[in-house]
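Structure file data29.cif (mmCIF, C-alpha atoms) is printed below.
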```
data_model
loop_
_atom_site.group_PDB
_atom_site.id
_atom_site.type_symbol
_atom_site.label_atom_id
_atom_site.label_comp_id
_atom_site.auth_asym_id
_atom_site.auth_seq_id
_atom_site.Cartn_x
_atom_site.Cartn_y
_atom_site.Cartn_z
ATOM 1 C CA MET U 1 -31.711 74.895 104.139
ATOM 2 C CA PRO U 2 -31.857 78.630 103.322
ATOM 3 C CA MET U 3 -29.468 80.969 105.102
ATOM 4 C CA VAL U 4 -30.712 82.128 108.523
ATOM 5 C CA VAL U 5 -30.524 85.907 108.828
ATOM 6 C CA THR U 6 -31.751 86.325 112.386
ATOM 7 C CA SER U 7 -32.214 83.795 115.137
ATOM 8 C CA GLN U 8 -33.812 84.662 118.442
ATOM 9 C CA ILE U 9 -34.768 82.993 121.699
ATOM 10 C CA LEU U 10 -37.855 84.492 123.379
ATOM 11 C CA LEU U 11 -38.905 84.027 126.983
ATOM 12 C CA ASN U 12 -42.305 85.566 127.555
ATOM 13 C CA SER U 13 -43.828 86.890 130.765
ATOM 14 C CA ILE U 14 -41.643 85.230 133.374
ATOM 15 C CA ARG U 15 -43.556 86.049 136.569
ATOM 16 C CA LEU U 16 -41.538 86.468 139.768
ATOM 17 C CA TYR U 17 -42.045 87.859 143.256
ATOM 18 C CA ALA U 18 -39.287 90.289 144.230
ATOM 19 C CA TYR U 19 -38.408 93.172 146.537
ATOM 20 C CA HIS U 20 -37.582 96.214 144.403
ATOM 21 C CA GLY U 21 -38.651 99.791 144.944
ATOM 22 C CA VAL U 22 -37.803 103.204 146.279
ATOM 23 C CA MET U 23 -40.446 103.103 149.007
ATOM 24 C CA PRO U 24 -39.420 101.195 152.158
ATOM 25 C CA GLN U 25 -42.579 99.048 152.201
ATOM 26 C CA GLU U 26 -41.809 97.778 148.684
ATOM 27 C CA ARG U 27 -38.511 96.354 149.956
ATOM 28 C CA VAL U 28 -40.325 94.675 152.886
ATOM 29 C CA VAL U 29 -43.597 93.483 151.344
ATOM 30 C CA GLY U 30 -42.412 92.917 147.784
ATOM 31 C CA GLY U 31 -44.543 92.535 144.704
ATOM 32 C CA TRP U 32 -45.030 90.721 141.414
ATOM 33 C CA TYR U 33 -42.896 91.407 138.352
ATOM 34 C CA THR U 34 -42.848 90.068 134.819
ATOM 35 C CA VAL U 35 -39.786 89.796 132.605
ATOM 36 C CA SER U 36 -39.898 89.178 128.860
ATOM 37 C CA LEU U 37 -36.737 88.668 126.823
ATOM 38 C CA THR U 38 -35.873 88.560 123.149
ATOM 39 C CA ILE U 39 -32.309 87.341 122.715
ATOM 40 C CA ASP U 40 -30.427 87.406 119.399
ATOM 41 C CA TYR U 41 -28.340 84.250 119.384
ATOM 42 C CA PRO U 42 -26.634 82.364 116.541
ATOM 43 C CA PHE U 43 -28.298 78.962 116.714
ATOM 44 C CA SER U 44 -28.186 78.042 113.018
ATOM 45 C CA LYS U 45 -26.163 74.933 113.847
ATOM 46 C CA ALA U 46 -28.964 73.642 116.118
ATOM 47 C CA LEU U 47 -31.376 73.661 113.184
ATOM 48 C CA GLN U 48 -29.418 70.730 111.779
ATOM 49 C CA SER U 49 -27.910 69.082 114.861
ATOM 50 C CA ASP U 50 -30.957 68.955 117.160
ATOM 51 C CA ASP U 51 -28.464 69.318 120.021
ATOM 52 C CA VAL U 52 -29.028 71.700 122.937
ATOM 53 C CA ALA U 53 -25.273 72.382 123.022
ATOM 54 C CA ASP U 54 -25.711 74.243 119.710
ATOM 55 C CA THR U 55 -28.208 76.754 121.046
ATOM 56 C CA LEU U 56 -28.909 78.921 124.074
ATOM 57 C CA ASN U 57 -30.509 76.863 126.817
ATOM 58 C CA TYR U 58 -33.496 78.930 127.932
ATOM 59 C CA ALA U 59 -33.569 77.176 131.314
ATOM 60 C CA SER U 60 -30.076 78.564 131.946
ATOM 61 C CA VAL U 61 -31.266 82.017 130.889
ATOM 62 C CA LEU U 62 -34.177 81.702 133.330
ATOM 63 C CA ASP U 63 -31.726 80.854 136.124
ATOM 64 C CA VAL U 64 -29.886 84.138 135.471
ATOM 65 C CA VAL U 65 -33.142 86.134 135.531
ATOM 66 C CA ILE U 66 -34.252 84.512 138.800
ATOM 67 C CA ARG U 67 -30.855 85.100 140.421
ATOM 68 C CA GLU U 68 -30.750 88.792 139.445
ATOM 69 C CA MET U 69 -34.384 89.408 140.429
ATOM 70 C CA LYS U 70 -33.607 88.121 143.944
ATOM 71 C CA ILE U 71 -31.182 91.019 144.527
ATOM 72 C CA PRO U 72 -33.223 94.010 145.814
ATOM 73 C CA SER U 73 -32.796 97.321 143.994
ATOM 74 C CA ASN U 74 -34.430 100.720 144.197
ATOM 75 C CA LEU U 75 -35.059 100.932 140.459
ATOM 76 C CA ILE U 76 -36.318 98.395 137.942
ATOM 77 C CA GLU U 77 -34.031 100.146 135.442
ATOM 78 C CA HIS U 78 -31.086 98.945 137.530
ATOM 79 C CA VAL U 79 -32.457 95.395 137.697
ATOM 80 C CA ALA U 80 -32.991 95.263 133.915
ATOM 81 C CA GLY U 81 -29.437 96.473 133.323
ATOM 82 C CA ARG U 82 -28.053 93.897 135.728
ATOM 83 C CA ILE U 83 -29.936 91.084 133.982
ATOM 84 C CA VAL U 84 -28.572 92.137 130.589
ATOM 85 C CA ASP U 85 -25.005 92.428 131.915
ATOM 86 C CA ALA U 86 -25.225 88.981 133.511
ATOM 87 C CA LEU U 87 -26.575 87.421 130.312
ATOM 88 C CA PHE U 88 -23.750 88.913 128.226
ATOM 89 C CA THR U 89 -21.177 87.729 130.783
ATOM 90 C CA GLU U 90 -22.486 84.177 131.104
ATOM 91 C CA PHE U 91 -23.379 83.661 127.436
ATOM 92 C CA PRO U 92 -20.820 85.562 125.343
ATOM 93 C CA LEU U 93 -22.346 84.446 122.026
ATOM 94 C CA ILE U 94 -25.492 86.478 122.744
ATOM 95 C CA GLU U 95 -25.562 89.219 120.122
ATOM 96 C CA ALA U 96 -28.307 91.435 121.608
ATOM 97 C CA VAL U 97 -30.981 91.445 124.298
ATOM 98 C CA ASP U 98 -34.325 93.202 124.419
ATOM 99 C CA ILE U 99 -35.780 93.087 127.932
ATOM 100 C CA LEU U 100 -39.170 94.287 129.155
ATOM 101 C CA LEU U 101 -39.366 94.389 132.961
ATOM 102 C CA THR U 102 -42.740 95.231 134.491
ATOM 103 C CA LYS U 103 -43.611 96.004 138.092
ATOM 104 C CA GLU U 104 -47.194 94.827 138.459
ATOM 105 C CA ASN U 105 -49.552 97.111 140.374
ATOM 106 C CA PRO U 106 -46.934 99.705 141.431
ATOM 107 C CA PRO U 107 -47.791 101.954 144.415
ATOM 108 C CA MET U 108 -48.392 105.203 142.563
ATOM 109 C CA GLY U 109 -51.915 106.181 143.489
ATOM 110 C CA GLY U 110 -53.577 104.978 140.295
ATOM 111 C CA ASP U 111 -55.031 101.770 138.933
ATOM 112 C CA THR U 112 -52.592 100.283 136.440
ATOM 113 C CA MET U 113 -51.579 96.805 135.340
ATOM 114 C CA GLY U 114 -47.942 97.801 135.701
ATOM 115 C CA ALA U 115 -45.064 100.149 135.095
ATOM 116 C CA SER U 116 -42.333 98.918 132.758
ATOM 117 C CA VAL U 117 -38.872 99.615 131.452
ATOM 118 C CA ARG U 118 -37.515 98.289 128.181
ATOM 119 C CA LEU U 119 -33.872 98.024 127.174
ATOM 120 C CA SER U 120 -32.524 96.988 123.782
ATOM 121 C CA VAL U 121 -28.805 96.335 124.082
ATOM 122 C CA LYS U 122 -26.230 95.004 121.611
ATOM 123 C CA ASN U 123 -23.303 92.980 122.916
ATOM 124 C CA ASP U 124 -20.287 95.109 122.021
ATOM 125 C CA LYS U 125 -17.944 92.149 122.609
ATOM 126 C CA ASN U 126 -19.117 90.395 119.428
#
```

Whole structure given in structure tokens:
Amino acid sequence: MPMVVTSQILLNSIRLYAYHGVMPQERVVGGWYTVSLTIDYPFSKALQSDDVADTLNYASVLDVVIREMKIPSNLIEHVAGRIVDALFTEFPLIEAVDILLTKENPPMGGDTMGASVRLSVKNDKN
């Protein structure tokens, strides 16, 4: 098999109900959010082994996202940063994370599908 240069796990448009926002009603009523992740992870071994132990289990990644989204925050920037920190802590072989966190239909007086933040972070422990 040719040498693998980049290997990534992608989780697309995870949709969750959560209670984030600066306005008090956002913390009471809540709203819908979507999270998409691109995770650089060295899973070359799994290409041959066909063993989940040789890759990043995306169900475990989803558990981290759900757990962090349940903790209310004023800013989605803060939530995105917390998700990335938790992923790096729980899965030290992660090399980098790109996260797109979108608040669907934010209360800002205009018709929009959402307001988003994106972080691209390298794991400095690798």

Given all atoms listed in the file, how would the per-residue table for region 1-40 of chain U near region 74-93 of chain U read, listing every residue at most 6 Å away with its closest atom pair and distance in Å to one decimal, sorted by chain and number, as a Markdown table?
```
| residue | atom | partner | partner_atom | distance |
| --- | --- | --- | --- | --- |
| U:His20 | CA | U:Asn74 | CA | 5.5 |
| U:Gly21 | CA | U:Asn74 | CA | 4.4 |
| U:Val22 | CA | U:Asn74 | CA | 4.7 |
```

(message) With all atoms listed in the file as the counted atoms, please give the residues lying no more than 10 Å from Glu26 (chain U), apart from itself and same-chain residues fewer than 6 positions off, as a PyMOL selection string.
(response) chain U and resi 18-20+72+74+106-107

Would you put the residues from that selection into a file with C-alpha atoms, as a compact mmCIF listing (two decimals), keeping the file's coordinate frame?
```
# COMPACT_ATOMS: atom_id res chain seq x y z
CA ALA U 18 -39.29 90.29 144.23
CA TYR U 19 -38.41 93.17 146.54
CA HIS U 20 -37.58 96.21 144.40
CA PRO U 72 -33.22 94.01 145.81
CA ASN U 74 -34.43 100.72 144.20
CA PRO U 106 -46.93 99.70 141.43
CA PRO U 107 -47.79 101.95 144.42
```

(request) Name the residues that the PyMOL selection byres ((chain U and resi 57) around 12) picks from the file above, as a list in words, using the file's chain letters and numbers. (result)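 Residues picked by the PyMOL selection byres ((chain U and resi 57) around 12): Gln8, Ile9, Leu10, Leu11, Ile39, Tyr41, Phe43, Ala46, Asp51, Val52, Ala53, Asp54, Thr55, Leu56, Tyr58, Ala59, Ser60, Val61, Leu62, Asp63, Val64, Leu87, Glu90, Phe91 and Ile94 of chain U.
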
(message) Evaluated on this file, the PyMOL selection byres ((chain U and resi 122) around 7) picks out some residues - which ones are they, written as a VMD selection string?
(response) chain U and resid 95 to 97 120 to 121 123 to 124

Just write the chosen residues, C-alpha atoms, as a PDB file, keeping the file's coordinate frame.
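So selection23.pdb came out as:
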```pdb
ATOM      1  CA  GLU U  95     -25.562  89.219 120.122  1.00  0.00           C
ATOM      2  CA  ALA U  96     -28.307  91.435 121.608  1.00  0.00           C
ATOM      3  CA  VAL U  97     -30.981  91.445 124.298  1.00  0.00           C
ATOM      4  CA  SER U 120     -32.524  96.988 123.782  1.00  0.00           C
ATOM      5  CA  VAL U 121     -28.805  96.335 124.082  1.00  0.00           C
ATOM      6  CA  ASN U 123     -23.303  92.980 122.916  1.00  0.00           C
ATOM      7  CA  ASP U 124     -20.287  95.109 122.021  1.00  0.00           C
TER       8      ASP U 124
END
```

(request) Any chance you could resolve the PyMOL selection byres ((chain U and resi 113) around 12) against this file and give the residues as a list in words? (result)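 With the shown file as input, the PyMOL selection byres ((chain U and resi 113) around 12) matches Trp32, Tyr33, Thr34, Thr102, Lys103, Glu104, Asn105, Pro106, Pro107, Met108, Gly110, Asp111, Thr112, Gly114, Ala115 and Ser116 of chain U.
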
(request) Go through U:Asp50, U:Asp98, U:Met69, U:Ser7 and flag the residue nearest Ser36 (chain U), using all atoms listed in the file for the distances. (result)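 The shortest atom-to-atom distance to Ser36 (chain U) comes from U:Asp98.
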
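Of note, CA of Asp40 (chain U) and CA of Val117 (chain U) are spaced 19.1 Å apart.
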